[in-house]
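J.: Provided herewith: work39.pdb, PDB, C-alpha atoms.
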```
ATOM      1  CA  MET A  12       0.873-155.714  40.893
ATOM      2  CA  GLN A  13      -1.621-157.300  38.586
ATOM      3  CA  LEU A  14      -1.897-158.250  34.974
ATOM      4  CA  THR A  15      -4.736-156.637  33.058
ATOM      5  CA  LEU A  16      -8.026-158.498  32.845
ATOM      6  CA  PHE A  17      -7.317-158.718  29.135
ATOM      7  CA  THR A  18      -4.174-160.792  29.727
ATOM      8  CA  ASP A  19      -5.907-162.799  32.446
ATOM      9  CA  TYR A  20      -8.619-163.818  29.965
ATOM     10  CA  ALA A  21      -6.034-164.579  27.287
ATOM     11  CA  LEU A  22      -4.281-167.009  29.624
ATOM     12  CA  ARG A  23      -7.558-168.735  30.477
ATOM     13  CA  VAL A  24      -8.398-169.087  26.802
ATOM     14  CA  LEU A  25      -5.018-170.703  26.188
ATOM     15  CA  LEU A  26      -5.550-173.138  29.058
ATOM     16  CA  TYR A  27      -8.927-174.126  27.689
ATOM     17  CA  VAL A  28      -7.905-174.404  24.046
ATOM     18  CA  GLY A  29      -4.586-176.057  24.928
ATOM     19  CA  ARG A  30      -6.385-178.735  26.873
ATOM     20  CA  GLN A  31      -8.465-179.779  23.839
ATOM     21  CA  ARG A  32      -5.411-181.382  22.193
ATOM     22  CA  GLY A  33      -6.285-180.178  18.722
ATOM     23  CA  ARG A  34     -10.074-180.380  18.972
ATOM     24  CA  GLN A  35     -11.503-177.171  17.600
ATOM     25  CA  CYS A  36     -13.622-175.265  20.110
ATOM     26  CA  THR A  37     -15.897-172.254  19.937
ATOM     27  CA  MET A  38     -15.857-168.853  21.532
ATOM     28  CA  ALA A  39     -19.251-169.493  23.144
ATOM     29  CA  GLU A  40     -17.871-172.637  24.739
ATOM     30  CA  VAL A  41     -14.916-170.806  26.280
ATOM     31  CA  ALA A  42     -17.124-167.923  27.448
ATOM     32  CA  ALA A  43     -19.557-170.355  29.076
ATOM     33  CA  TYR A  44     -16.785-172.379  30.667
ATOM     34  CA  PHE A  45     -15.244-169.399  32.416
ATOM     35  CA  ARG A  46     -18.539-167.514  32.729
ATOM     36  CA  ILE A  47     -17.119-164.416  31.106
ATOM     37  CA  SER A  48     -18.702-162.000  28.658
ATOM     38  CA  ALA A  49     -18.598-163.258  25.069
ATOM     39  CA  GLU A  50     -18.218-159.682  23.886
ATOM     40  CA  HIS A  51     -15.071-159.105  25.924
ATOM     41  CA  LEU A  52     -13.762-162.525  24.949
ATOM     42  CA  ARG A  53     -14.188-161.764  21.256
ATOM     43  CA  LYS A  54     -11.716-158.879  21.544
ATOM     44  CA  VAL A  55      -9.264-160.988  23.506
ATOM     45  CA  ILE A  56      -9.388-163.819  20.972
ATOM     46  CA  HIS A  57      -9.090-161.433  18.046
ATOM     47  CA  ARG A  58      -5.918-159.993  19.548
ATOM     48  CA  MET A  59      -4.563-163.454  20.385
ATOM     49  CA  ALA A  60      -5.016-164.459  16.746
ATOM     50  CA  ARG A  61      -3.179-161.336  15.623
ATOM     51  CA  GLU A  62      -0.343-162.063  18.041
ATOM     52  CA  GLY A  63       0.010-165.576  16.646
ATOM     53  CA  TRP A  64      -1.292-167.596  19.600
ATOM     54  CA  LEU A  65      -4.604-168.753  18.160
ATOM     55  CA  GLU A  66      -5.945-169.644  14.781
ATOM     56  CA  THR A  67      -9.580-168.687  14.271
ATOM     57  CA  ARG A  68     -11.575-170.385  11.542
ATOM     58  CA  ARG A  69     -14.722-168.751  10.187
ATOM     59  CA  GLY A  70     -18.014-170.171   9.024
ATOM     60  CA  ARG A  71     -20.432-172.763  10.293
ATOM     61  CA  ARG A  72     -17.682-175.203  11.050
ATOM     62  CA  GLY A  73     -15.483-172.455  12.386
ATOM     63  CA  GLY A  74     -13.787-172.269  15.740
ATOM     64  CA  ILE A  75     -10.538-171.784  17.585
ATOM     65  CA  VAL A  76      -7.384-173.873  17.768
ATOM     66  CA  LEU A  77      -3.846-173.175  18.942
ATOM     67  CA  ALA A  78      -1.741-171.587  16.235
ATOM     68  CA  ARG A  79       1.331-173.504  17.431
ATOM     69  CA  ASP A  80       2.192-176.517  19.562
ATOM     70  CA  ALA A  81       1.536-176.020  23.277
ATOM     71  CA  GLU A  82       5.240-176.793  23.879
ATOM     72  CA  ARG A  83       6.072-173.664  21.937
ATOM     73  CA  VAL A  84       3.753-171.364  23.872
ATOM     74  CA  ARG A  85       5.900-169.811  26.601
ATOM     75  CA  LEU A  86       3.981-168.029  29.309
ATOM     76  CA  GLY A  87       6.243-164.978  29.472
ATOM     77  CA  ASP A  88       5.967-164.371  25.745
ATOM     78  CA  VAL A  89       2.173-164.530  25.970
ATOM     79  CA  VAL A  90       2.074-162.029  28.838
ATOM     80  CA  ARG A  91       4.475-159.685  27.091
ATOM     81  CA  SER A  92       2.423-159.741  23.896
ATOM     82  CA  MET A  93      -0.924-159.205  25.625
ATOM     83  CA  GLU A  94      -0.055-156.514  28.174
ATOM     84  CA  ARG A  95      -0.398-153.125  26.555
ATOM     85  CA  ASP A  96       2.318-151.691  28.727
ATOM     86  CA  LEU A  97       5.057-153.516  30.574
ATOM     87  CA  ALA A  98       6.225-150.416  32.454
ATOM     88  CA  ILE A  99       5.971-151.255  36.141
ATOM     89  CA  VAL A 100       5.246-147.623  37.010
ATOM     90  CA  ASP A 101       3.877-144.916  34.747
ATOM     91  CA  CYS A 102       6.511-142.175  34.866
ATOM     92  CA  ASP A 103       4.924-140.095  32.092
ATOM     93  CA  ALA A 104       1.306-139.963  33.230
ATOM     94  CA  LEU A 105       2.406-138.462  36.526
ATOM     95  CA  GLU A 106       5.096-136.297  35.001
ATOM     96  CA  CYS A 107       7.708-137.379  37.487
ATOM     97  CA  VAL A 108      10.496-134.830  37.842
ATOM     98  CA  LEU A 109      13.030-137.657  38.080
ATOM     99  CA  ALA A 110      11.858-139.448  34.940
ATOM    100  CA  PRO A 111      14.712-138.454  32.613
ATOM    101  CA  ARG A 112      17.377-140.165  34.731
ATOM    102  CA  CYS A 113      15.690-142.320  37.286
ATOM    103  CA  SER A 114      17.648-145.205  38.790
ATOM    104  CA  LEU A 115      14.425-146.627  40.213
ATOM    105  CA  LYS A 116      12.948-147.095  36.756
ATOM    106  CA  ALA A 117      15.951-149.164  35.681
ATOM    107  CA  ALA A 118      15.624-151.358  38.795
ATOM    108  CA  LEU A 119      11.898-151.892  38.198
ATOM    109  CA  ASP A 120      12.532-152.750  34.559
ATOM    110  CA  ARG A 121      15.044-155.391  35.652
ATOM    111  CA  GLY A 122      12.364-156.771  37.980
ATOM    112  CA  GLY A 123       9.889-156.892  35.083
ATOM    113  CA  ARG A 124      12.396-158.801  32.957
ATOM    114  CA  ALA A 125      12.960-161.292  35.801
ATOM    115  CA  PHE A 126       9.181-161.792  35.982
ATOM    116  CA  ILE A 127       8.917-162.529  32.255
ATOM    117  CA  ALA A 128      11.999-164.784  32.335
ATOM    118  CA  ALA A 129      10.502-166.843  35.184
ATOM    119  CA  LEU A 130       7.233-167.200  33.261
ATOM    120  CA  ASN A 131       9.136-168.257  30.158
ATOM    121  CA  GLU A 132      10.367-171.322  32.000
ATOM    122  CA  VAL A 133       6.791-172.604  31.788
ATOM    123  CA  THR A 134       4.968-173.595  28.601
ATOM    124  CA  LEU A 135       1.284-174.100  27.958
ATOM    125  CA  ALA A 136       2.087-177.800  27.576
ATOM    126  CA  ASP A 137       3.419-177.849  31.177
ATOM    127  CA  LEU A 138       0.283-176.130  32.460
ATOM    128  CA  VAL A 139      -2.234-178.446  30.831
ATOM    129  CA  ALA A 140      -0.194-181.556  31.705
ATOM    130  CA  ASP A 141      -0.402-180.680  35.416
ATOM    131  CA  ARG A 142      -2.269-183.470  37.218
ATOM    132  CA  ALA A 143      -4.286-181.407  39.685
ATOM    133  CA  MET A 144      -5.264-179.059  36.897
ATOM    134  CA  ARG A 145      -6.453-181.938  34.730
ATOM    135  CA  ARG A 146      -8.610-183.211  37.579
ATOM    136  CA  GLN A 147     -10.043-179.745  38.074
ATOM    137  CA  PHE A 148     -10.848-179.468  34.384
ATOM    138  CA  ARG A 149     -12.651-182.798  34.453
ATOM    139  CA  ARG A 150     -14.731-181.698  37.411
ATOM    140  CA  ILE A 151     -16.483-179.043  35.405
ATOM    141  CA  ASP A 152     -19.103-180.432  33.118
ATOM    142  CA  ILE A 153     -18.165-178.651  29.952
ATOM    143  CA  ARG A 154     -21.179-179.742  27.973
ATOM    144  CA  ALA A 155     -23.627-178.582  30.589
ATOM    145  CA  LEU A 156     -21.977-175.191  30.717
ATOM    146  CA  ALA A 157     -21.829-174.891  26.951
ATOM    147  CA  ALA A 158     -25.504-175.839  26.704
ATOM    148  CA  GLY A 159     -26.312-173.146  29.247
ATOM    149  CA  ALA A 160     -24.744-170.550  26.985
ATOM    150  CA  ASP A 161     -26.938-171.350  23.979
TER     151      ASP A 161
ATOM    152  CA  MET B 190       1.529-155.090  34.832
ATOM    153  CA  GLN B 191       1.812-152.077  37.075
ATOM    154  CA  LEU B 192       2.368-151.316  40.700
ATOM    155  CA  THR B 193      -0.367-149.335  42.405
ATOM    156  CA  LEU B 194      -0.044-145.565  42.518
ATOM    157  CA  PHE B 195       0.270-145.996  46.271
ATOM    158  CA  THR B 196       3.478-148.034  45.906
ATOM    159  CA  ASP B 197       4.726-145.723  43.178
ATOM    160  CA  TYR B 198       4.406-142.753  45.556
ATOM    161  CA  ALA B 199       6.035-144.692  48.389
ATOM    162  CA  LEU B 200       9.077-145.370  46.219
ATOM    163  CA  ARG B 201       9.346-141.705  45.268
ATOM    164  CA  VAL B 202       9.125-140.673  48.908
ATOM    165  CA  LEU B 203      11.962-143.056  49.744
ATOM    166  CA  LEU B 204      14.095-141.677  46.937
ATOM    167  CA  TYR B 205      13.533-138.141  48.176
ATOM    168  CA  VAL B 206      14.011-138.821  51.870
ATOM    169  CA  GLY B 207      16.914-141.202  51.206
ATOM    170  CA  ARG B 208      18.725-138.526  49.285
ATOM    171  CA  GLN B 209      18.675-136.093  52.237
ATOM    172  CA  ARG B 210      21.309-138.162  54.088
ATOM    173  CA  GLY B 211      19.650-137.764  57.452
ATOM    174  CA  ARG B 212      18.323-134.227  57.020
ATOM    175  CA  GLN B 213      14.732-134.212  58.214
ATOM    176  CA  CYS B 214      12.279-133.144  55.532
ATOM    177  CA  THR B 215       8.577-132.298  55.477
ATOM    178  CA  MET B 216       5.585-133.811  53.790
ATOM    179  CA  ALA B 217       4.847-130.493  52.022
ATOM    180  CA  GLU B 218       8.358-130.505  50.624
ATOM    181  CA  VAL B 219       7.992-134.008  49.165
ATOM    182  CA  ALA B 220       4.524-133.223  47.779
ATOM    183  CA  ALA B 221       5.816-130.054  46.127
ATOM    184  CA  TYR B 222       8.877-131.795  44.754
ATOM    185  CA  PHE B 223       6.896-134.471  42.964
ATOM    186  CA  ARG B 224       3.829-132.254  42.425
ATOM    187  CA  ILE B 225       1.540-134.790  43.984
ATOM    188  CA  SER B 226      -1.447-134.260  46.271
ATOM    189  CA  ALA B 227      -0.447-133.735  49.908
ATOM    190  CA  GLU B 228      -3.605-135.522  50.982
ATOM    191  CA  HIS B 229      -2.727-138.679  49.094
ATOM    192  CA  LEU B 230       0.863-138.430  50.254
ATOM    193  CA  ARG B 231      -0.209-138.250  53.878
ATOM    194  CA  LYS B 232      -1.801-141.695  53.631
ATOM    195  CA  VAL B 233       1.223-143.108  51.869
ATOM    196  CA  ILE B 234       3.626-141.749  54.487
ATOM    197  CA  HIS B 235       1.430-142.911  57.337
ATOM    198  CA  ARG B 236       1.509-146.442  55.960
ATOM    199  CA  MET B 237       5.252-146.278  55.315
ATOM    200  CA  ALA B 238       5.790-145.324  58.949
ATOM    201  CA  ARG B 239       3.646-148.247  60.055
ATOM    202  CA  GLU B 240       5.594-150.605  57.817
ATOM    203  CA  GLY B 241       8.873-149.426  59.343
ATOM    204  CA  TRP B 242      10.317-147.515  56.397
ATOM    205  CA  LEU B 243       9.937-143.971  57.698
ATOM    206  CA  GLU B 244      10.027-142.253  61.046
ATOM    207  CA  THR B 245       7.624-139.319  61.342
ATOM    208  CA  ARG B 246       8.212-136.703  64.022
ATOM    209  CA  ARG B 247       5.389-134.488  65.154
ATOM    210  CA  GLY B 248       5.259-130.852  66.169
ATOM    211  CA  ARG B 249       6.701-127.623  64.878
ATOM    212  CA  ARG B 250      10.088-129.169  64.355
ATOM    213  CA  GLY B 251       8.524-132.342  63.033
ATOM    214  CA  GLY B 252       9.236-134.087  59.784
ATOM    215  CA  ILE B 253      10.227-137.296  58.099
ATOM    216  CA  VAL B 254      13.434-139.311  58.145
ATOM    217  CA  LEU B 255      14.321-142.851  57.119
ATOM    218  CA  ALA B 256      13.594-145.340  59.880
ATOM    219  CA  ARG B 257      16.673-147.377  58.929
ATOM    220  CA  ASP B 258      19.869-146.984  56.927
ATOM    221  CA  ALA B 259      19.340-146.727  53.180
ATOM    222  CA  GLU B 260      21.605-149.783  52.785
ATOM    223  CA  ARG B 261      18.992-151.777  54.656
ATOM    224  CA  VAL B 262      16.041-150.683  52.537
ATOM    225  CA  ARG B 263      15.649-153.364  49.869
ATOM    226  CA  LEU B 264      13.388-152.435  46.989
ATOM    227  CA  GLY B 265      11.550-155.756  46.842
ATOM    228  CA  ASP B 266      10.691-155.641  50.537
ATOM    229  CA  VAL B 267       9.287-152.136  50.122
ATOM    230  CA  VAL B 268       7.130-153.163  47.162
ATOM    231  CA  ARG B 269       5.883-156.254  48.957
ATOM    232  CA  SER B 270       4.918-154.263  52.031
ATOM    233  CA  MET B 271       3.141-151.505  50.124
ATOM    234  CA  GLU B 272       1.180-153.489  47.532
ATOM    235  CA  ARG B 273      -2.126-154.510  48.998
ATOM    236  CA  ASP B 274      -2.195-157.643  46.940
ATOM    237  CA  LEU B 275       0.699-159.442  45.290
ATOM    238  CA  ALA B 276      -1.554-161.832  43.371
ATOM    239  CA  ILE B 277      -0.691-161.384  39.708
ATOM    240  CA  VAL B 278      -4.251-162.261  38.686
ATOM    241  CA  ASP B 279      -7.398-162.048  40.777
ATOM    242  CA  CYS B 280      -8.812-165.585  40.729
ATOM    243  CA  ASP B 281     -11.484-164.873  43.337
ATOM    244  CA  ALA B 282     -13.007-161.680  41.979
ATOM    245  CA  LEU B 283     -13.773-163.436  38.725
ATOM    246  CA  GLU B 284     -14.741-166.727  40.332
ATOM    247  CA  CYS B 285     -12.549-168.751  38.025
ATOM    248  CA  VAL B 286     -13.705-172.354  37.739
ATOM    249  CA  LEU B 287     -10.085-173.513  37.735
ATOM    250  CA  ALA B 288      -9.101-171.600  40.863
ATOM    251  CA  PRO B 289      -8.933-174.515  43.310
ATOM    252  CA  ARG B 290      -6.170-176.306  41.383
ATOM    253  CA  CYS B 291      -4.780-173.972  38.813
ATOM    254  CA  SER B 292      -1.277-174.617  37.493
ATOM    255  CA  LEU B 293      -1.245-171.141  35.957
ATOM    256  CA  LYS B 294      -1.596-169.481  39.338
ATOM    257  CA  ALA B 295       1.467-171.322  40.638
ATOM    258  CA  ALA B 296       3.482-170.235  37.590
ATOM    259  CA  LEU B 297       2.415-166.604  38.005
ATOM    260  CA  ASP B 298       3.285-166.695  41.694
ATOM    261  CA  ARG B 299       6.769-167.931  40.806
ATOM    262  CA  GLY B 300       7.024-165.004  38.402
ATOM    263  CA  GLY B 301       5.989-162.610  41.165
ATOM    264  CA  ARG B 302       8.658-164.022  43.473
ATOM    265  CA  ALA B 303      11.286-163.607  40.751
ATOM    266  CA  PHE B 304      10.192-159.969  40.394
ATOM    267  CA  ILE B 305      10.563-159.296  44.126
ATOM    268  CA  ALA B 306      13.889-161.169  44.278
ATOM    269  CA  ALA B 307      15.294-159.063  41.434
ATOM    270  CA  LEU B 308      14.178-155.877  43.201
ATOM    271  CA  ASN B 309      15.753-157.072  46.427
ATOM    272  CA  GLU B 310      19.158-156.985  44.768
ATOM    273  CA  VAL B 311      18.835-153.200  44.834
ATOM    274  CA  THR B 312      18.830-151.023  47.951
ATOM    275  CA  LEU B 313      17.730-147.439  48.423
ATOM    276  CA  ALA B 314      21.417-146.633  48.974
ATOM    277  CA  ASP B 315      22.186-147.940  45.448
ATOM    278  CA  LEU B 316      19.410-145.852  43.960
ATOM    279  CA  VAL B 317      20.378-142.542  45.536
ATOM    280  CA  ALA B 318      24.087-143.133  44.884
ATOM    281  CA  ASP B 319      23.426-143.448  41.144
ATOM    282  CA  ARG B 320      25.267-140.624  39.336
ATOM    283  CA  ALA B 321      22.685-139.743  36.703
ATOM    284  CA  MET B 322      20.010-139.729  39.368
ATOM    285  CA  ARG B 323      22.028-137.403  41.575
ATOM    286  CA  ARG B 324      22.453-134.999  38.669
ATOM    287  CA  GLN B 325      18.734-135.135  37.969
ATOM    288  CA  PHE B 326      17.960-134.419  41.613
ATOM    289  CA  ARG B 327      20.263-131.393  41.562
ATOM    290  CA  ARG B 328      18.553-130.056  38.462
ATOM    291  CA  ILE B 329      15.316-129.508  40.307
ATOM    292  CA  ASP B 330      15.429-126.483  42.509
ATOM    293  CA  ILE B 331      14.019-127.964  45.662
ATOM    294  CA  ARG B 332      13.722-124.706  47.528
ATOM    295  CA  ALA B 333      11.803-123.000  44.746
ATOM    296  CA  LEU B 334       9.357-125.890  44.602
ATOM    297  CA  ALA B 335       8.973-126.033  48.350
ATOM    298  CA  ALA B 336       8.380-122.268  48.461
ATOM    299  CA  GLY B 337       5.706-122.664  45.796
ATOM    300  CA  ALA B 338       3.857-125.122  47.994
ATOM    301  CA  ASP B 339       3.516-122.794  50.958
TER     302      ASP B 339
END
```
Starting from the file, give its structure as structure tokens.
T.:
Amino acid sequence: MQLTLFTDYALRVLLYVGRQRGRQCTMAEVAAYFRISAEHLRKVIHRMAREGWLETRRGRRGGIVLARDAERVRLGDVVRSMERDLAIVDCDALECVLAPRCSLKAALDRGGRAFIAALNEVTLADLVADRAMRRQFRRIDIRALAAGAD
Amino acid sequence: MQLTLFTDYALRVLLYVGRQRGRQCTMAEVAAYFRISAEHLRKVIHRMAREGWLETRRGRRGGIVLARDAERVRLGDVVRSMERDLAIVDCDALECVLAPRCSLKAALDRGGRAFIAALNEVTLADLVADRAMRRQFRRIDIRALAAGAD
């Protein structure tokens, strides 16, 4: 039971951008920090901007910032907006004979809603305020990594 | 956010076997009913037997029955035992720099536990007792499908 890599990257981007407390950062910086492909990241960030999580500014002084306060970024909402499909099983692709009236599907959907509800109890502000996380962030020399990506 | 096909099949097998109210059924019958590969199903059923969900009996009069009462088969426990990995994101495969102290991972794990807890409120007995589901089961002519598989 895993989120897509797409959503995984989106969450990492939010952690990174959220931690900057308003400082604008660049896509190259985020890609270097997490050592992920800039090409893949571009698509993720584009979609995050469309979904209202990030604001992307163009041009030489361009970059990325949060589109709303970190307190207003609830984890469950982010996951729901980034996952293409929240169906826990794919009843159609396998043409399940029970699909039209399946009691299992309803139970799994309830489980999915419980998952999202639990995530919605956490905001991006909570995540970046976490002490251990802040220490971990400091441990990585951001500038060195960013320089390596140039 | 999807369960593996392996778990999906396991849940379908339970629905089918659970509905037989103690009548022993065969692997070919289940495969034909759901139109899924008998080879894949064999692995699923083998694992389900090992995990204590099914009892498989060998020989000419062999077959499959539930290893415990349907009231004692909780959906969350089944999912947890069949999914190879309950990690919502794969921090290791991508070598995330935050992995050692990531507040996101803890939040996602809480979400995963909420998912399992919600599923555990439902038993196999609930699922097969569902009226719409029972009607749907009746709609499929089991014998015709089983005959087609021979």
J.: Using the chain letters and numbering of this document, enumerate as a VMD selection string the residues selected by the ChimeraX specification (/B :<8) & /A.
T.: chain A and resid 12 to 16 19 44 to 45 94 96 to 101 107 to 109 111 to 115 118 to 119 121 to 130 133 138 to 139 141 143 to 144 147 to 148 151
J.: How about saving the chosen residues, C-alpha atoms kept, as a tab-separated table (two decimals), keeping the file's coordinate frame?
T.:
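As written to disk, part-v3.tsv reads:
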```
chain	number	residue	atom	x	y	z
A	12	MET	CA	0.87	-155.71	40.89
A	13	GLN	CA	-1.62	-157.30	38.59
A	14	LEU	CA	-1.90	-158.25	34.97
A	15	THR	CA	-4.74	-156.64	33.06
A	16	LEU	CA	-8.03	-158.50	32.84
A	19	ASP	CA	-5.91	-162.80	32.45
A	44	TYR	CA	-16.78	-172.38	30.67
A	45	PHE	CA	-15.24	-169.40	32.42
A	94	GLU	CA	-0.06	-156.51	28.17
A	96	ASP	CA	2.32	-151.69	28.73
A	97	LEU	CA	5.06	-153.52	30.57
A	98	ALA	CA	6.22	-150.42	32.45
A	99	ILE	CA	5.97	-151.26	36.14
A	100	VAL	CA	5.25	-147.62	37.01
A	101	ASP	CA	3.88	-144.92	34.75
A	107	CYS	CA	7.71	-137.38	37.49
A	108	VAL	CA	10.50	-134.83	37.84
A	109	LEU	CA	13.03	-137.66	38.08
A	111	PRO	CA	14.71	-138.45	32.61
A	112	ARG	CA	17.38	-140.16	34.73
A	113	CYS	CA	15.69	-142.32	37.29
A	114	SER	CA	17.65	-145.21	38.79
A	115	LEU	CA	14.42	-146.63	40.21
A	118	ALA	CA	15.62	-151.36	38.80
A	119	LEU	CA	11.90	-151.89	38.20
A	121	ARG	CA	15.04	-155.39	35.65
A	122	GLY	CA	12.36	-156.77	37.98
A	123	GLY	CA	9.89	-156.89	35.08
A	124	ARG	CA	12.40	-158.80	32.96
A	125	ALA	CA	12.96	-161.29	35.80
A	126	PHE	CA	9.18	-161.79	35.98
A	127	ILE	CA	8.92	-162.53	32.26
A	128	ALA	CA	12.00	-164.78	32.34
A	129	ALA	CA	10.50	-166.84	35.18
A	130	LEU	CA	7.23	-167.20	33.26
A	133	VAL	CA	6.79	-172.60	31.79
A	138	LEU	CA	0.28	-176.13	32.46
A	139	VAL	CA	-2.23	-178.45	30.83
A	141	ASP	CA	-0.40	-180.68	35.42
A	143	ALA	CA	-4.29	-181.41	39.68
A	144	MET	CA	-5.26	-179.06	36.90
A	147	GLN	CA	-10.04	-179.74	38.07
A	148	PHE	CA	-10.85	-179.47	34.38
A	151	ILE	CA	-16.48	-179.04	35.40
```
J.: Please write the residues picked by the PyMOL selection byres ((chain A and resi 72-77) around 12) on this file as a count of residues only.
T.: 42
J.: Any idea what the distance is between CA of Val55 (chain A) and CA of Ala42 (chain A)?
T.: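 Taking CA of Val55 (chain A) and CA of Ala42 (chain A), their separation equals 11.2 Å.
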J.: So how far away is CA of Leu230 (chain B) from CA of Met271 (chain B), in Å?
T.: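 Separating CA of Met271 (chain B) from CA of Leu230 (chain B) is a distance of 13.3 Å.
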J.: What does the structure give for the distance between CA of Lys232 (chain B) and CA of Phe195 (chain B), in Å to one decimal?
T.: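 Pair CA of Lys232 (chain B) / CA of Phe195 (chain B) returns 8.8 Å.
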J.: Using the file's own x, y and z axes, so that the box edges lie along x, y and z, what centre and edge lengths in Å (one decimal) does a box around every listed atom of region 97-113 of chain A get when 6 Å is added on each side? Give it as JSON.
T.:
```
{"center_x": 9.3, "center_y": -144.2, "center_z": 34.3, "size_x": 28.1, "size_y": 30.7, "size_z": 19.5}
```
